[in-house]
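work-v3.cif (mmCIF, C-alpha atoms and all ligand atoms; chains and numbers go by the auth columns)
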data_my_file
loop_
_atom_site.group_PDB
_atom_site.id
_atom_site.type_symbol
_atom_site.label_atom_id
_atom_site.label_comp_id
_atom_site.label_asym_id
_atom_site.label_seq_id
_atom_site.Cartn_x
_atom_site.Cartn_y
_atom_site.Cartn_z
_atom_site.B_iso_or_equiv
_atom_site.auth_seq_id
_atom_site.auth_asym_id
ATOM 1 C CA MET A 1 122.192 -6.602 27.717 0.00 1 A
ATOM 2 C CA ILE A 2 123.383 -8.225 30.914 0.00 2 A
ATOM 3 C CA ARG A 3 125.287 -5.910 33.225 0.00 3 A
ATOM 4 C CA GLU A 4 128.328 -6.829 35.242 0.00 4 A
ATOM 5 C CA PRO A 5 127.753 -7.027 39.008 0.00 5 A
ATOM 6 C CA PHE A 6 130.060 -5.110 41.294 0.00 6 A
ATOM 7 C CA GLY A 7 130.471 -3.843 44.822 0.00 7 A
ATOM 8 C CA GLY A 8 131.134 -0.220 45.761 0.00 8 A
ATOM 9 C CA VAL A 9 132.342 1.295 49.019 0.00 9 A
ATOM 10 C CA VAL A 10 130.345 4.091 50.676 0.00 10 A
ATOM 11 C CA ASP A 11 132.541 6.775 52.217 0.00 11 A
ATOM 12 C CA VAL A 12 130.569 7.945 55.248 0.00 12 A
ATOM 13 C CA VAL A 13 132.787 11.026 55.662 0.00 13 A
ATOM 14 C CA THR A 14 132.850 12.429 52.122 0.00 14 A
ATOM 15 C CA GLY A 15 129.555 10.944 50.921 0.00 15 A
ATOM 16 C CA GLY A 16 131.474 9.192 48.153 0.00 16 A
ATOM 17 C CA LEU A 17 130.175 6.172 46.256 0.00 17 A
ATOM 18 C CA GLY A 18 132.512 3.585 44.758 0.00 18 A
ATOM 19 C CA GLY A 19 131.404 2.753 41.224 0.00 19 A
ATOM 20 C CA GLY A 20 129.173 5.834 40.966 0.00 20 A
ATOM 21 C CA THR A 21 128.329 7.304 37.562 0.00 21 A
ATOM 22 C CA GLY A 22 127.386 10.853 38.509 0.00 22 A
ATOM 23 C CA ARG A 23 127.388 13.615 41.068 0.00 23 A
ATOM 24 C CA TYR A 24 125.356 16.762 41.634 0.00 24 A
ATOM 25 C CA GLU A 25 125.304 19.488 44.225 0.00 25 A
ATOM 26 C CA LYS A 26 122.752 21.912 45.562 0.00 26 A
ATOM 27 C CA LYS A 27 123.893 25.159 47.085 0.00 27 A
ATOM 28 C CA LEU A 28 121.996 27.552 49.306 0.00 28 A
ATOM 29 C CA GLY A 29 121.359 29.875 46.352 0.00 29 A
ATOM 30 C CA ASP A 30 119.608 27.020 44.501 0.00 30 A
ATOM 31 C CA LEU A 31 117.109 26.868 47.378 0.00 31 A
ATOM 32 C CA ASP A 32 116.177 30.550 47.264 0.00 32 A
ATOM 33 C CA GLY A 33 112.517 31.156 48.086 0.00 33 A
ATOM 34 C CA LEU A 34 111.999 27.813 49.810 0.00 34 A
ATOM 35 C CA TYR A 35 112.818 28.884 53.363 0.00 35 A
ATOM 36 C CA LEU A 36 110.459 30.826 55.594 0.00 36 A
ATOM 37 C CA ASP A 37 112.937 33.553 56.501 0.00 37 A
ATOM 38 C CA ALA A 38 114.038 35.212 53.254 0.00 38 A
ATOM 39 C CA ASP A 39 116.122 37.796 55.135 0.00 39 A
ATOM 40 C CA ALA A 40 118.029 35.068 56.972 0.00 40 A
ATOM 41 C CA HIS A 41 118.614 33.332 53.628 0.00 41 A
ATOM 42 C CA GLU A 42 120.053 36.502 52.118 0.00 42 A
ATOM 43 C CA LYS A 43 122.186 37.144 55.188 0.00 43 A
ATOM 44 C CA LEU A 44 123.583 33.608 55.126 0.00 44 A
ATOM 45 C CA MET A 45 124.379 33.954 51.426 0.00 45 A
ATOM 46 C CA ARG A 46 126.278 37.161 52.151 0.00 46 A
ATOM 47 C CA GLU A 47 128.161 35.681 55.109 0.00 47 A
ATOM 48 C CA LEU A 48 128.979 32.263 53.681 0.00 48 A
ATOM 49 C CA GLY A 49 129.008 32.952 49.931 0.00 49 A
ATOM 50 C CA ASN A 50 126.534 30.401 48.613 0.00 50 A
ATOM 51 C CA PRO A 51 127.563 27.348 50.670 0.00 51 A
ATOM 52 C CA LEU A 52 126.932 23.748 49.694 0.00 52 A
ATOM 53 C CA VAL A 53 123.744 22.334 51.273 0.00 53 A
ATOM 54 C CA TYR A 54 123.846 18.810 49.868 0.00 54 A
ATOM 55 C CA ALA A 55 125.712 16.648 47.384 0.00 55 A
ATOM 56 C CA VAL A 56 124.647 13.392 45.789 0.00 56 A
ATOM 57 C CA GLU A 57 126.770 10.687 44.181 0.00 57 A
ATOM 58 C CA ASP A 58 124.772 8.045 42.403 0.00 58 A
ATOM 59 C CA PHE A 59 124.836 5.014 40.169 0.00 59 A
ATOM 60 C CA ARG A 60 122.346 5.201 37.318 0.00 60 A
ATOM 61 C CA PRO A 61 122.328 2.191 35.075 0.00 61 A
ATOM 62 C CA GLY A 62 119.524 3.756 33.009 0.00 62 A
ATOM 63 C CA THR A 63 115.809 4.419 33.305 0.00 63 A
ATOM 64 C CA GLN A 64 114.575 0.940 32.539 0.00 64 A
ATOM 65 C CA ALA A 65 111.656 -0.442 34.576 0.00 65 A
ATOM 66 C CA GLY A 66 112.853 -3.100 36.993 0.00 66 A
ATOM 67 C CA ASP A 67 116.347 -1.658 37.359 0.00 67 A
ATOM 68 C CA LEU A 68 117.599 0.313 40.340 0.00 68 A
ATOM 69 C CA ILE A 69 119.226 3.709 40.874 0.00 69 A
ATOM 70 C CA TYR A 70 121.126 4.089 44.127 0.00 70 A
ATOM 71 C CA GLY A 71 123.535 6.502 45.694 0.00 71 A
ATOM 72 C CA VAL A 72 124.782 8.463 48.662 0.00 72 A
ATOM 73 C CA THR A 73 123.622 11.862 49.799 0.00 73 A
ATOM 74 C CA ARG A 74 125.601 14.088 52.136 0.00 74 A
ATOM 75 C CA MET A 75 123.804 17.008 53.751 0.00 75 A
ATOM 76 C CA ILE A 76 125.583 19.838 55.511 0.00 76 A
ATOM 77 C CA PRO A 77 124.241 20.897 58.937 0.00 77 A
ATOM 78 C CA GLY A 78 122.797 24.370 59.246 0.00 78 A
ATOM 79 C CA LYS A 79 119.720 26.539 59.555 0.00 79 A
ATOM 80 C CA VAL A 80 118.159 29.421 57.671 0.00 80 A
ATOM 81 C CA GLY A 81 116.868 31.442 60.595 0.00 81 A
ATOM 82 C CA ASP A 82 115.275 28.715 62.731 0.00 82 A
ATOM 83 C CA GLU A 83 114.617 26.351 59.835 0.00 83 A
ATOM 84 C CA PHE A 84 116.912 23.391 59.303 0.00 84 A
ATOM 85 C CA PHE A 85 118.639 22.837 55.948 0.00 85 A
ATOM 86 C CA PHE A 86 116.559 20.568 53.731 0.00 86 A
ATOM 87 C CA THR A 87 116.619 19.043 50.282 0.00 87 A
ATOM 88 C CA ARG A 88 114.290 20.442 47.660 0.00 88 A
ATOM 89 C CA GLY A 89 112.007 17.420 47.905 0.00 89 A
ATOM 90 C CA HIS A 90 109.818 15.695 45.323 0.00 90 A
ATOM 91 C CA ILE A 91 107.267 13.038 44.538 0.00 91 A
ATOM 92 C CA HIS A 92 108.284 10.440 42.013 0.00 92 A
ATOM 93 C CA ALA A 93 107.066 11.308 38.511 0.00 93 A
ATOM 94 C CA ARG A 94 105.687 7.779 38.539 0.00 94 A
ATOM 95 C CA ALA A 95 104.084 8.386 41.898 0.00 95 A
ATOM 96 C CA ASP A 96 103.679 4.698 42.715 0.00 96 A
ATOM 97 C CA ARG A 97 107.418 4.126 42.924 0.00 97 A
ATOM 98 C CA PRO A 98 108.943 3.726 46.428 0.00 98 A
ATOM 99 C CA GLU A 99 112.399 4.465 47.837 0.00 99 A
ATOM 100 C CA ILE A 100 114.559 3.504 50.771 0.00 100 A
ATOM 101 C CA TYR A 101 117.084 5.612 52.672 0.00 101 A
ATOM 102 C CA TYR A 102 119.678 4.082 54.956 0.00 102 A
ATOM 103 C CA GLY A 103 121.375 6.319 57.514 0.00 103 A
ATOM 104 C CA GLN A 104 125.166 6.148 57.669 0.00 104 A
ATOM 105 C CA GLN A 105 126.174 9.126 59.772 0.00 105 A
ATOM 106 C CA GLY A 106 124.552 12.109 61.466 0.00 106 A
ATOM 107 C CA ARG A 107 121.020 12.850 62.578 0.00 107 A
ATOM 108 C CA GLY A 108 118.248 13.596 60.173 0.00 108 A
ATOM 109 C CA LEU A 109 114.589 13.393 59.341 0.00 109 A
ATOM 110 C CA MET A 110 112.616 12.262 56.370 0.00 110 A
ATOM 111 C CA GLN A 111 109.617 14.537 56.013 0.00 111 A
ATOM 112 C CA LEU A 112 106.838 12.834 54.085 0.00 112 A
ATOM 113 C CA GLU A 113 103.569 14.283 52.844 0.00 113 A
ATOM 114 C CA SER A 114 100.707 12.319 51.318 0.00 114 A
ATOM 115 C CA PRO A 115 98.835 13.688 48.289 0.00 115 A
ATOM 116 C CA GLU A 116 96.001 14.617 50.695 0.00 116 A
ATOM 117 C CA GLY A 117 98.448 16.653 52.774 0.00 117 A
ATOM 118 C CA GLU A 118 99.148 14.461 55.791 0.00 118 A
ATOM 119 C CA THR A 119 102.639 14.800 57.269 0.00 119 A
ATOM 120 C CA ARG A 120 104.791 11.992 58.610 0.00 120 A
ATOM 121 C CA ILE A 121 108.280 12.231 60.056 0.00 121 A
ATOM 122 C CA VAL A 122 110.804 9.390 60.180 0.00 122 A
ATOM 123 C CA GLU A 123 113.917 9.999 62.259 0.00 123 A
ATOM 124 C CA ILE A 124 117.081 8.692 60.626 0.00 124 A
ATOM 125 C CA GLY A 125 120.318 7.951 62.417 0.00 125 A
ATOM 126 C CA PRO A 126 123.145 5.540 61.612 0.00 126 A
ATOM 127 C CA GLN A 127 121.813 2.093 60.672 0.00 127 A
ATOM 128 C CA THR A 128 118.227 3.337 60.337 0.00 128 A
ATOM 129 C CA ILE A 129 116.381 2.318 57.200 0.00 129 A
ATOM 130 C CA CYS A 130 113.584 4.633 56.179 0.00 130 A
ATOM 131 C CA TYR A 131 110.953 3.211 53.837 0.00 131 A
ATOM 132 C CA VAL A 132 109.343 5.848 51.635 0.00 132 A
ATOM 133 C CA PRO A 133 106.182 4.138 50.374 0.00 133 A
ATOM 134 C CA PRO A 134 104.699 4.856 46.942 0.00 134 A
ATOM 135 C CA PHE A 135 102.801 8.173 46.627 0.00 135 A
ATOM 136 C CA TRP A 136 104.577 10.130 49.379 0.00 136 A
ATOM 137 C CA ILE A 137 106.299 13.428 48.708 0.00 137 A
ATOM 138 C CA HIS A 138 109.649 13.283 50.502 0.00 138 A
ATOM 139 C CA ARG A 139 112.341 15.681 51.627 0.00 139 A
ATOM 140 C CA SER A 140 115.313 15.042 53.925 0.00 140 A
ATOM 141 C CA ILE A 141 116.446 17.381 56.644 0.00 141 A
ATOM 142 C CA ASN A 142 119.645 17.584 58.644 0.00 142 A
ATOM 143 C CA VAL A 143 118.631 18.297 62.251 0.00 143 A
ATOM 144 C CA GLY A 144 122.032 17.417 63.704 0.00 144 A
ATOM 145 C CA GLU A 145 125.320 19.206 64.099 0.00 145 A
ATOM 146 C CA GLU A 146 127.392 17.111 61.722 0.00 146 A
ATOM 147 C CA ASP A 147 127.006 15.974 58.125 0.00 147 A
ATOM 148 C CA LEU A 148 124.048 13.704 57.495 0.00 148 A
ATOM 149 C CA VAL A 149 125.067 10.868 55.178 0.00 149 A
ATOM 150 C CA MET A 150 122.478 8.445 53.794 0.00 150 A
ATOM 151 C CA VAL A 151 122.372 5.744 51.138 0.00 151 A
ATOM 152 C CA PHE A 152 119.256 5.618 48.968 0.00 152 A
ATOM 153 C CA ALA A 153 117.774 3.375 46.296 0.00 153 A
ATOM 154 C CA TYR A 154 114.711 3.648 44.076 0.00 154 A
ATOM 155 C CA PRO A 155 113.388 2.058 40.874 0.00 155 A
ATOM 156 C CA SER A 156 115.154 3.413 37.794 0.00 156 A
ATOM 157 C CA ASP A 157 111.963 4.549 36.089 0.00 157 A
ATOM 158 C CA SER A 158 110.716 6.611 39.094 0.00 158 A
ATOM 159 C CA GLY A 159 111.671 10.091 37.913 0.00 159 A
ATOM 160 C CA GLN A 160 111.215 13.159 40.111 0.00 160 A
ATOM 161 C CA ASP A 161 108.520 15.821 40.124 0.00 161 A
ATOM 162 C CA TYR A 162 109.843 18.799 42.110 0.00 162 A
ATOM 163 C CA GLY A 163 106.977 21.031 40.982 0.00 163 A
ATOM 164 C CA ILE A 164 104.473 19.314 43.249 0.00 164 A
ATOM 165 C CA ILE A 165 105.939 21.172 46.231 0.00 165 A
ATOM 166 C CA GLU A 166 106.108 24.511 44.394 0.00 166 A
ATOM 167 C CA ARG A 167 102.474 24.212 43.281 0.00 167 A
ATOM 168 C CA SER A 168 101.391 23.961 46.944 0.00 168 A
ATOM 169 C CA ASN A 169 103.708 26.800 48.044 0.00 169 A
ATOM 170 C CA GLY A 170 105.878 24.378 49.967 0.00 170 A
ATOM 171 C CA MET A 171 105.213 21.359 52.110 0.00 171 A
ATOM 172 C CA ARG A 172 102.468 21.576 54.695 0.00 172 A
ATOM 173 C CA HIS A 173 104.912 21.792 57.593 0.00 173 A
ATOM 174 C CA ARG A 174 108.288 23.343 58.179 0.00 174 A
ATOM 175 C CA VAL A 175 110.880 21.737 60.447 0.00 175 A
ATOM 176 C CA MET A 176 112.168 24.398 62.806 0.00 176 A
ATOM 177 C CA SER A 177 114.408 24.514 65.833 0.00 177 A
ATOM 178 C CA ASP A 178 112.502 24.207 69.103 0.00 178 A
ATOM 179 C CA GLY A 179 115.108 26.412 70.793 0.00 179 A
ATOM 180 C CA LYS A 180 116.238 23.521 73.026 0.00 180 A
ATOM 181 C CA GLY A 181 118.483 21.639 70.637 0.00 181 A
ATOM 182 C CA GLY A 182 115.613 19.729 69.059 0.00 182 A
ATOM 183 C CA TRP A 183 113.123 20.273 66.253 0.00 183 A
ATOM 184 C CA GLN A 184 109.438 20.999 65.927 0.00 184 A
ATOM 185 C CA LEU A 185 106.895 21.028 63.121 0.00 185 A
ATOM 186 C CA VAL A 186 105.384 24.389 62.274 0.00 186 A
ATOM 187 C CA GLU A 187 102.417 24.836 59.920 0.00 187 A
ATOM 188 C CA ASN A 188 103.303 26.485 56.615 0.00 188 A
ATOM 189 C CA ALA A 189 100.819 29.372 56.420 0.00 189 A
ATOM 190 C CA ASP A 190 101.229 29.642 52.621 0.00 190 A
ATOM 191 C CA TYR A 191 100.383 25.977 52.000 0.00 191 A
ATOM 192 C CA ARG A 192 97.763 25.295 49.347 0.00 192 A
ATOM 193 C CA PRO A 193 96.214 21.803 49.548 0.00 193 A
ATOM 194 C CA ARG A 194 95.888 19.812 46.339 0.00 194 A
ATOM 195 C CA ASP A 195 92.357 19.574 44.985 0.00 195 A
ATOM 196 C CA ALA A 196 90.492 16.267 44.809 0.00 196 A
ATOM 197 C CA ALA A 197 91.097 15.821 41.075 0.00 197 A
ATOM 198 C CA THR A 198 94.858 16.266 41.504 0.00 198 A
ATOM 199 C CA VAL A 199 94.941 13.773 44.383 0.00 199 A
ATOM 200 C CA ALA A 200 92.901 11.248 42.385 0.00 200 A
ATOM 201 C CA ALA A 201 95.176 11.630 39.360 0.00 201 A
ATOM 202 C CA LEU A 202 98.258 10.969 41.508 0.00 202 A
ATOM 203 C CA LEU A 203 96.750 7.897 43.138 0.00 203 A
ATOM 204 C CA SER A 204 95.476 6.478 39.865 0.00 204 A
ATOM 205 C CA ASP A 205 99.098 6.015 38.850 0.00 205 A
ATOM 206 C CA TYR A 206 99.246 2.541 40.380 0.00 206 A
ATOM 207 C CA ALA A 207 100.100 0.494 37.302 0.00 207 A
HETATM 208 FE FE FE B . 112.810 10.119 45.731 0.00 1 B
#
What is this file in C-alpha cells?
Amino acid sequence: MIREPFGGVVDVVTGGLGGGTGRYEKKLGDLDGLYLDADAHEKLMRELGNPLVYAVEDFRPGTQAGDLIYGVTRMIPGKVGDEFFFTRGHIHARADRPEIYYGQQGRGLMQLESPEGETRIVEIGPQTICYVPPFWIHRSINVGEEDLVMVFAYPSDSGQDYGIIERSNGMRHRVMSDGKGGWQLVENADYRPRDAATVAALLSDYA
C-alpha cells in the first residue's frame, strides 16, 4: 500500500500535532517510585492532585520496518524535591534503532545511558536537534521554567523497553537542582549495573 503524503503543523504551545493519530499522557502518579524523594512525591500528589507531567501526540503509520513514527512531546516544568520532572525513559526493544529529538520551546536535557552504564547529557533548547544513537537508553528532562516541547522521530519497528531502567533500579544518575537555578548529576545509589551477558545480548541486536 502506498500512503498519501501530508504536512502537519506543530503547535509549540499546546504540543499539538497536525495529522496525528494518537495521544497519551503520563501523570505524576504514573511515575510513583521513580523519584529519589518519595515523601516529596507524595506531598506533591496531595497538593496538586496528580498533575500532568508529559503528553505525547504522535503519528503512527504502523510498525513496519523502514517506516517512521514521529510526534510532539510536551513536558511540564517541575521538581519532585530537588529532582526535575522526567519521562519514564526506555531503550528501544530493537536496541539498534535510533531516534532524533528537535527542540521547539523550553529548556531540557536528554539523559542517555549506554548498556555499560555510561551517562551522556545533551542540552536541548529551541532549534536543537538531539541525535539518540542506537543502543542508548534515553529519558528527557525539563530543567527549565516553562513547558518543554520537542518533536521526535524514530523507526516504526523500534518498540520500547521500559523495564531496562526498572531492572537497574533507575538510571545511573539523577538530574537534580544545583540550588543556583541550574542542574547537576547525582549518582543513583540504588543503581545496579547490567551484567556482561545482558550488555552483550543488547549489542548483538545489530541486524
Ligand atoms: Fe525512544
message = Please return as a PyMOL selection string the residues found within 7 Å of ligand FE 1 (chain B), counting only C-alpha atoms and all ligand atoms.
response = chain A and resi 90-92+99+138+154+160
Can you write out the residues you just picked, keeping C-alpha atoms, as a CSV table (one decimal), in the frame of the given file?
chain,number,residue,atom,x,y,z
A,90,HIS,CA,109.8,15.7,45.3
A,91,ILE,CA,107.3,13.0,44.5
A,92,HIS,CA,108.3,10.4,42.0
A,99,GLU,CA,112.4,4.5,47.8
A,138,HIS,CA,109.6,13.3,50.5
A,154,TYR,CA,114.7,3.6,44.1
A,160,GLN,CA,111.2,13.2,40.1
query = Between A:Leu48, A:Phe152, A:Gly170, A:Val56, which one has atoms that come closest to Asp190 of chain A, using all atoms listed in the file?
reply = A:Gly170
message = When you count all atoms listed in the file, which of these residues is closest to Asn169 of chain A: A:Met110, A:Leu148, A:Ala189, A:Val12?
response = A:Ala189
Å distance separating atom CA of Asp30 of chain A from atom CA of Trp136 of chain A, one decimal place =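 According to the coordinates, atom CA of Asp30 of chain A and atom CA of Trp136 of chain A are separated by 23.1 Å.
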inquiry  = Let me make sure I understand: among A:Ala65, A:Leu112, A:Val10, A:Val72, which one has the smallest atom-to-atom distance to Ala153 of chain A if we use only C-alpha atoms?
reply    =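 Of A:Ala65, A:Leu112, A:Val10, A:Val72, the one nearest Ala153 of chain A is A:Val72, counting only C-alpha atoms.
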task = Give as an MDAnalysis selection string the residues that the PyMOL selection byres (((chain A and resi 21) around 6) and not hetatm) matches when applied to the coordinates above.
result = chainID A and resid 20 22 59
query = Got a sec to resolve the PyMOL selection byres (((chain A and resi 74-81) around 10) and not hetatm) on this structure and send the residues as a ChimeraX atom specification?
reply = /A:12-16,25-26,28,35-45,51-57,72-73,82-87,104-108,140-151,176-177
ask   = Taking the file as shown, what set of residues would the PyMOL selection byres (((chain A and resi 18) around 6) and not hetatm) give back, as an MDAnalysis selection string?
value = chainID A and resid 8:9 17 19:20
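Atom pair atom CA of Val175 of chain A / atom CA of Glu187 of chain A: separated by 9.0 Å.
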request  = Could you tell me how far atom CA of Gln111 of chain A lies from atom CA of Arg23 of chain A, in Å and to one decimal?
outcome  = 23.2 Å
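Distance check against Ala196 of chain A using only C-alpha atoms: of A:Phe6, A:Ser156, A:Gly117, A:Asp32, the minimum falls on A:Gly117.
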Could you write out as AutoDock Vina command-line options the box around segment 96-107 of chain A (axis-aligned, all atoms listed in the file, 3 Å on each side), with centre and edge lengths in Å to one decimal?
--center_x 114.9 --center_y 8.2 --center_z 52.6 --size_x 28.5 --size_y 15.3 --size_z 25.9
